[in-house]
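One structure is given below, encoded as structure tokens.
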Amino acid sequence: MISLAALEGVWRLERQIEDRRAKLTGHLTGEARWVPDGDGLLQIETGLLHYGDAPPMQAERRYLWRDGTHGLEVFFEDGRPFHKVDPTTPEADHFCAPDSYRVRYDFADWPRWSSRWQVAGPRKDVVIVSRYDFITGGLEGSGLRD
């Protein structure tokens with residue numbers, strides 16, 4: 001299982017977006033920072049997003065990561081629950097009516113890792129794959145714990 005301490009630092013971020021329903025693809029290149037915020041880590045992603053034929057735009061997202069009773073817990077920046085990263089399975093779900101979001105984390109090549117989101121709903125059919133490569137920071141040991 002990944003630890004908060006292992007995530008702390010700066011990561012190169014590459015994201016591919018495939019919107020099957022809209023028949024659009026996107027690509028984001030940037031970085032993800034996990035920085036201490038008192039209760040855990042604040043994840044700050046920034047990058048340049050190319051989406052379809054639209055002009056490139058700056059993108060940013062923020063999440064809160066916390067140690068939970070059964071693994072890591074991820075929250076939106078305003079504190080609303082997002083999903084949990086359970087040590088027994090690298091998958092999690094989030095429901096945002098009427099859409100469902102399913103993520104699968106892959107830490108097998110640590111300190112390179114990825115997430116794959118499948119978004120489905122009445123108007124959505126999207127796959128988002130993010131790849132993270134460690135640059136610098138608080139990488140603790142192997143990053144994995146029992």
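Chain lettering (A, B, ...) mirrors the order of the structure tokens, residue numbering begins at 1 for each chain separately, and ligand numbering begins at 1 in order of display.
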* Just asking: which residues within region 10-146 of chain A are strand (DSSP E) according to DSSP, as a VMD selection string? -> chain A and resid 10 to 19 24 to 36 41 to 51 57 to 68 71 to 76 81 to 85 91 to 96 99 to 106 112 to 120 125 to 137
* To do: Name the residues in contact with Gly71 (chain A) at a cut-off of 10 Å, using only C-alpha atoms, excluding same-chain residues fewer than 2 positions from it; report them as a PyMOL selection string.
  => chain A and resi 1-4+66-69+73+84-88
Quick one: residues within 7 Å of Thr25 (chain A), only C-alpha atoms, excluding same-chain residues fewer than 3 positions away - as an mmCIF file with C-alpha atoms, in the first residue's frame?
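Final file, around_4.cif:
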data_model
loop_
_atom_site.group_PDB
_atom_site.id
_atom_site.type_symbol
_atom_site.label_atom_id
_atom_site.label_comp_id
_atom_site.auth_asym_id
_atom_site.auth_seq_id
_atom_site.Cartn_x
_atom_site.Cartn_y
_atom_site.Cartn_z
ATOM 1 C CA ILE A 17 -8.378 11.860 -22.040
ATOM 2 C CA GLU A 18 -10.592 9.901 -24.402
ATOM 3 C CA ASP A 19 -14.159 11.168 -24.613
ATOM 4 C CA TYR A 51 -8.531 19.142 -25.797
ATOM 5 C CA GLY A 52 -9.988 18.511 -29.211
#
Do you know which residues are at most 12 Å from Gly30 (chain A) counting only C-alpha atoms, after dropping those on the same chain fewer than 6 positions away, and could you put them as a tab-separated table (two decimals) with C-alpha atoms, in the first residue's frame?
chain	number	residue	atom	x	y	z
A	10	VAL	CA	6.85	16.85	-7.13
A	11	TRP	CA	5.78	14.47	-9.90
A	12	ARG	CA	5.77	14.85	-13.69
A	13	LEU	CA	2.20	14.37	-14.91
A	14	GLU	CA	1.01	13.14	-18.31
A	15	ARG	CA	-2.74	12.67	-18.78
A	16	GLN	CA	-4.64	11.23	-21.74
A	44	ILE	CA	-2.02	20.38	-6.63
A	45	GLU	CA	-2.03	19.48	-10.32
A	46	THR	CA	-1.15	22.10	-12.92
A	47	GLY	CA	-0.55	21.77	-16.61
A	48	LEU	CA	-1.33	22.70	-20.17
A	49	LEU	CA	-4.43	20.96	-21.52
A	50	HIS	CA	-4.96	20.33	-25.23
A	57	MET	CA	-5.54	26.11	-21.77
A	58	GLN	CA	-3.99	26.13	-18.32
A	59	ALA	CA	-5.62	23.58	-16.02
A	60	GLU	CA	-5.45	23.09	-12.27
A	61	ARG	CA	-7.06	20.73	-9.76
A	130	SER	CA	-2.77	9.76	-15.68
A	131	ARG	CA	0.89	8.80	-15.36
A	132	TYR	CA	3.10	10.13	-12.57
A	133	ASP	CA	6.92	10.11	-12.59
A	135	ILE	CA	10.92	14.31	-9.79
* Asked: Between A:Pro98, A:Ala120, A:Pro90, A:Asp53, which one has atoms that come closest to Lys23 (chain A), using only C-alpha atoms?
  -> A:Asp53
* Rounded to one decimal in Å, what is the spacing between CA of Ala22 (chain A) and CA of Ser100 (chain A)? -> 17.3 Å
* Which is closer to Leu72 (chain A) than all the others in A:Ala108, A:Gly137, A:Ala5, A:Gln118, using only C-alpha atoms? ->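 Distance minimum relative to Leu72 (chain A) lands on A:Ala5.
For Gly9 (chain A), the set of protein, DNA and RNA residues having any atom at most 9 Å away, when counting only C-alpha atoms and skipping those fewer than 2 positions along the same chain, is Ala5, Ala6, Leu7, Trp11, Ala32, Arg33, Trp34, Val35, Phe134, Ile135, Thr136, Gly137, Gly138 and Leu139 of chain A.
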Keeping only N, CA and C atoms, write the selected residues as a CSV table (one decimal), in the first residue's frame.
chain,number,residue,atom,x,y,z
A,5,ALA,N,3.6,9.7,3.1
A,5,ALA,CA,4.9,10.2,3.0
A,5,ALA,C,5.6,10.0,1.7
A,6,ALA,N,5.2,8.8,1.1
A,6,ALA,CA,5.8,8.5,-0.2
A,6,ALA,C,5.3,9.4,-1.4
A,7,LEU,N,4.1,9.9,-1.2
A,7,LEU,CA,3.6,10.8,-2.3
A,7,LEU,C,4.1,12.2,-2.2
A,11,TRP,N,5.9,15.6,-8.9
A,11,TRP,CA,5.8,14.5,-9.9
A,11,TRP,C,5.5,15.1,-11.3
A,32,ALA,N,2.3,17.4,-10.7
A,32,ALA,CA,1.5,17.2,-9.6
A,32,ALA,C,2.4,17.3,-8.3
A,33,ARG,N,2.0,18.2,-7.4
A,33,ARG,CA,2.7,18.4,-6.1
A,33,ARG,C,1.8,17.9,-5.0
A,34,TRP,N,2.4,17.1,-4.1
A,34,TRP,CA,1.8,16.7,-2.9
A,34,TRP,C,2.5,17.4,-1.8
A,35,VAL,N,1.9,18.4,-1.1
A,35,VAL,CA,2.5,19.2,-0.1
A,35,VAL,C,1.8,19.1,1.2
A,134,PHE,N,8.2,10.4,-10.5
A,134,PHE,CA,8.7,11.2,-9.4
A,134,PHE,C,9.9,12.1,-9.9
A,135,ILE,N,9.9,13.4,-9.5
A,135,ILE,CA,10.9,14.3,-9.8
A,135,ILE,C,11.8,14.6,-8.5
A,136,THR,N,11.1,15.1,-7.5
A,136,THR,CA,11.9,15.4,-6.3
A,136,THR,C,10.9,15.5,-5.1
A,137,GLY,N,11.5,15.4,-3.9
A,137,GLY,CA,10.6,15.6,-2.7
A,137,GLY,C,10.9,14.5,-1.6
A,138,GLY,N,9.8,14.2,-1.0
A,138,GLY,CA,9.9,13.3,0.2
A,138,GLY,C,9.7,11.8,0.0
A,139,LEU,N,10.1,11.3,-1.2
A,139,LEU,CA,9.9,9.9,-1.5
A,139,LEU,C,10.5,9.1,-0.4
* Asked: What separation in Å, quoted to one decimal, exists between CA of Asp99 (chain A) and CA of Leu41 (chain A)?
  -> 27.1 Å
* Which residue of A:Tyr101, A:Trp110, A:Phe95, A:Trp65 approaches Asp37 (chain A) most closely, using only C-alpha atoms ->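 Smallest distance to Asp37 (chain A) is found for A:Trp65.
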* To do: For CA of His83 (chain A) and CA of Gly38 (chain A), quote the distance in Å rounded to one decimal.
  =>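 CA of Gly38 (chain A) lies 20.0 Å from CA of His83 (chain A).
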